[in-house]
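Chemist: Structure below; questions to follow.
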Amino acid sequence: MIRQIGKRLATTIPSIIGVIIVTFLLTRVLPGDPAAYFAGPAATPQAIEDVRRSLGLDKSLPEQFVRYVTELSRGDFGKSLTSGQPVRSDIAQRLPASAELTLVGLIISMLIAVPLGMAAAVKQGSFIDHACRMIATAGVSLPVFFTGLILVYVFYYLLGWSPAPLGRLDVFYSAPPHVTGFYLIDSLLAGEFETFRASLSQLILPAATLAIFALAPITRMTRASMLAVLGSDFVRTARANGLTPRTVIVTYAFRNAMLPVITTLGMVFSFLLGANVLVEKVFAWPGIGSYAIEALIASDFAPVQGFVLVMAIMYVLLNLTIDLLYGVIDPRVRLEG
Amino acid sequence: MNQRPDLDTAHIAATGAPAAAAAIATAVASAAAEKDATPAAAPAKQTSVFAHARYVISENPVTGLAFGLFILISMCAIFGPWIAPYDPLASNTTSALQPPSAKHWFGTDQLGRDILSRVMVAARLDMLIAVASVALVFALGGLSGTAAGFFGGWTDRIVGRIADTIMAFPLFVLAMGIVAALGNTVTNIVIATAIINFPLYARVARAEANVRREAGFVQAARLSGNGEWRILLTQILPNIMPIMVVQMSLTMGYAILNAAGLSFIGLGVRPPTPEWGIMVAEGAGFIVSGEWWIAFFPGAALMLAVFCFNLLGDGLRDIVDPQRRT
C-alpha cells in the first residue's frame, strides 16, 4: 500500500513541474514586456529598466527560471500592484471562501445526482430516466453565470427568500473568529448560531449554482456505471439467490457503481474550479476567483499568475487524493499494484 | 495483396501517386475499370448515409429540432446586421430600460438599445469565435494527435506530455491565464479556447490513428511507395475525419461557453460590441433591481446555441458511430 502511494506520488511530480514551467512561460516568453507591466503605466524608461533589473528580467531565461523556482519554494509569489500586499497572503486570506463554496456546491450536487442517477438506472426508460437525461443535457448547456443570475432573480428579487448577492456575510454580522476560515464551521465552533444561519443563507444560492453545474456529469456517470453493474453476473447471482432488491441495489450494486463516479470527480473538479470564478463574480464572493478577475482587469499580473499556479496545484493534489481514495475504497486496486 | 495486383495499382491511381504514370498498360486498364466502378458505387453509398440520417432524425426528433435551431442561429450570424429591426449600437435614453413589448420584443437596456437586435447581431461574433477556435484546435490537436498515433515513439511522447500538462490545469483557469499573458483581445480568446481543447482532440485523433497504423490499406499504400507523411495525410487523415467532425460539433458548445465565460468576466470583447457573454455581464447589475430582460435574453441565446450544438453532436455521432450511442 505504501509503495502504491509512493508510486502515485511520483507521477504527480511531472505534472507539478509542467504546471510550474507553464506558469513561468506565461509571463516570460510571450509578447509584452513584464517589466513595463510591473512598473505600471506611468513609468519612465529608467524606472522600467530598474524594475527589469530588480525582477531579474535582464538575465537569461534558464537563470530567470531558477530564480522563479527558488522564490516559489520560499513561498514568494510576488506582490500585487493594486493592493500592495504579497500575493501569497492575499490568496491565503481568500482561499477558504472559495474552498467553502466549492465544497458545499459539490456536496449538494452529489446528494442529488447520485440518488437520481441510481434511480434512473434502476428504472431504466421510466419517467425518472427521461428526467435524468434532460437534466444531463440541459445541465451541460447552461452557462453557469446565467444560472446564477436566474437564481438571484427568482430567490432574491421575486420571492425575497435569500439575502442580496453581495459576499459571504451580511454587513450587520461580523465574521466569526478565524479557525478554519470556513464561516459555517467557525461560527458553529464559536457557538454563534445567528452568524451560522446568516452565512448559510448567503452561501446557499452560489453553492446551488455550482451544484446545478456539476449535476450533469455526476448524474450521467452514476447512471452509466450503475447500469453496467446491474447487468453484471454477481448482481444476477445475488438476485437469483433471492436477496431483496434493496440489498442487491444498495449493498451490492451501489458500492461497485461508485468507483467510476469517484474517478469522474477529477474531471468535475476541473470544471468546478473554473465555474467557481464565474460564480464568485456573479455573487461578489470574496474568494480567489474574484481576486484574479480584479487583477486581470487591472493588468496586475502577479496575482493572476499566483492564482493560476495555486488552482493548478490544488487540482493536481485533488486528483492525487481521488486516486488514493480509490485505493482505499476498492481493495482490488491495491492488490493489483 | 500479392494475389490482387490490380487493387494496388488502382490504389495508386486513386491516390494520384506519380508512380501511376509509369504503370503498365494492363494495370492502367484495370485501374480505369476500378475508376469506372467508383461513380456507380458512390451515389448508392450517399443515399444510404442520407437515408440513415433521415432515419436518425425521424427516430430522434430532438436532433431535427437542433438542426432547425442551428439554421436559425446561422441565419442570425450571416444576416444579423441586415435583419435586425434596430441599430444594435444606437442608444436612445428616452426609451431606456423598457420591458419587452410589441415595439421592442426583448426590451431595451440601460442606454435604450434594442436587445433583440443586439442578440441577433452578437450571433456572428460568438459563432466566429467558436468556429475559429474549433478550426484552430482541429489543425493543431487533430494533426499532432494523428501524427502521435501514427508515428508513435518520440512524437507520441511529446504530444502526450503536452496534453498531460494542459490537463493538469483546471481548463477555464488556464484560459484566463493565457488571455492575461497574451493580451486582452478577441484573437487571444480564440487561441486560449483552442489550447484548452487541445488534449481532447489530440487524444481522440491519436487513438483513431493508432488503430489504423497497420491497417491493410495503409500497408498497401506503403508498399506502393508512398512516404509516411503522404500516407498520414492521404490515407489516415481522411479516415478519421468523420470521428473528428463529431468531436468538433461536440466541442463547439463548450467553445461557445468558454468564450462567453471569458467575456463575462471582462476579457476579450469590449463594450459596446454586442456579444452574448458581455451582454449578460452588463445586465447582471440590473437583475437585483428586477430588470431581468437585459441579461436573460442574451443568456438564453447562449444557452440555446450550446444546447443546439450538443444535440447536433450527439445526433452526428449516432450517424457516424452508432456503437457509441448512449
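Residues are referred to by chain and number: the chain letter is A, B, ... according to the order shown in the C-alpha cells, the number counts from 1 in that chain, and ligands are numbered separately from 1 in the order shown.
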Identify all chain A residues at most 6 Å from chain B by counting only C-alpha atoms; ligands do not count. Present them as a list in words.

Modeler: Gly18, Leu26, Thr27, Ser141, Leu142, Phe146, Tyr153, Tyr157, Ser270, Gly274 and Ala312 of chain A

Chemist: If we count only C-alpha atoms, what is near Ile107 (chain A) at a cut-off of 12 Å, once residues fewer than 3 positions away on the same chain are taken out, given as a list of chain:residue names?

Modeler: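 Once the nearby chain positions are removed, what remains is A:Glu100, A:Leu101, A:Thr102, A:Leu103, A:Val104, A:Met110, A:Leu111, A:Ile112, A:Ala113, A:Val114, A:Ile204, A:Ala207, A:Ala208, A:Leu210, A:Ala211, A:Ile212, A:Ala214, A:Leu215, A:Ile218, A:Leu265.
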
Chemist: Could you tell me how far CA of Phe79 (chain B) lies from CA of Thr193 (chain B), in Å and to one decimal?

Modeler: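 These two atoms are separated by 25.6 Å.
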
Chemist: Glu228 (chain B): which residues within 12 Å, counting only C-alpha atoms, same-chain residues fewer than 6 positions away excluded, as number ranges by chain?

Modeler: B: 147, 150-151, 213, 218-219, 221-222, 234-236

Chemist: I'd like the neighbourhood of Thr180 (chain A) as a list in words, where a residue qualifies if any of its atoms comes within 10 Å (using only C-alpha atoms), though same-chain residues fewer than 6 positions away should be ignored.

Modeler: Pro96, Asp186 and Leu189 of chain A

Chemist: What lies within 10 Å of Thr82 (chain A) using only C-alpha atoms, ignoring chain neighbours under 2 positions off, as a ChimeraX atom specification?

Modeler: /A:79-80,84-85,294-295,298-300,303

Chemist: Work out how far CA of Leu237 (chain B) is from CA of Ala215 (chain B), in Å to one decimal.

Modeler: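 CA of Leu237 (chain B) lies at a distance of 13.3 Å from CA of Ala215 (chain B).
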
Chemist: Please list as a VMD selection string every residue within 12 Å of region 248-254 of chain A, counting only C-alpha atoms and excluding residues in the same chain fewer than 5 positions away.

Modeler: chain A and resid 114 to 115 117 to 119 121 to 123 222 to 223 225 to 243 259 to 261

Chemist: Have a look at CA of Ile128 (chain A) and CA of Leu116 (chain A) and let me know their distance in Å, one decimal.

Modeler: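 Separating CA of Ile128 (chain A) from CA of Leu116 (chain A) is a distance of 7.7 Å.
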
Chemist: Out of region 52-264 of chain B, which residues get alpha helix (DSSP H) from DSSP, as a VMD selection string?

Modeler: chain B and resid 52 to 59 61 to 83 115 to 137 143 to 151 153 to 167 171 to 182 186 to 212 216 to 223 228 to 231 237 to 264

Chemist: Tell me which of A:Thr263, A:Ser15, A:Gln305, A:Thr219 sits closest to Arg88 (chain A), counting only C-alpha atoms.

Modeler: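 The shortest atom-to-atom distance to Arg88 (chain A) comes from A:Gln305.
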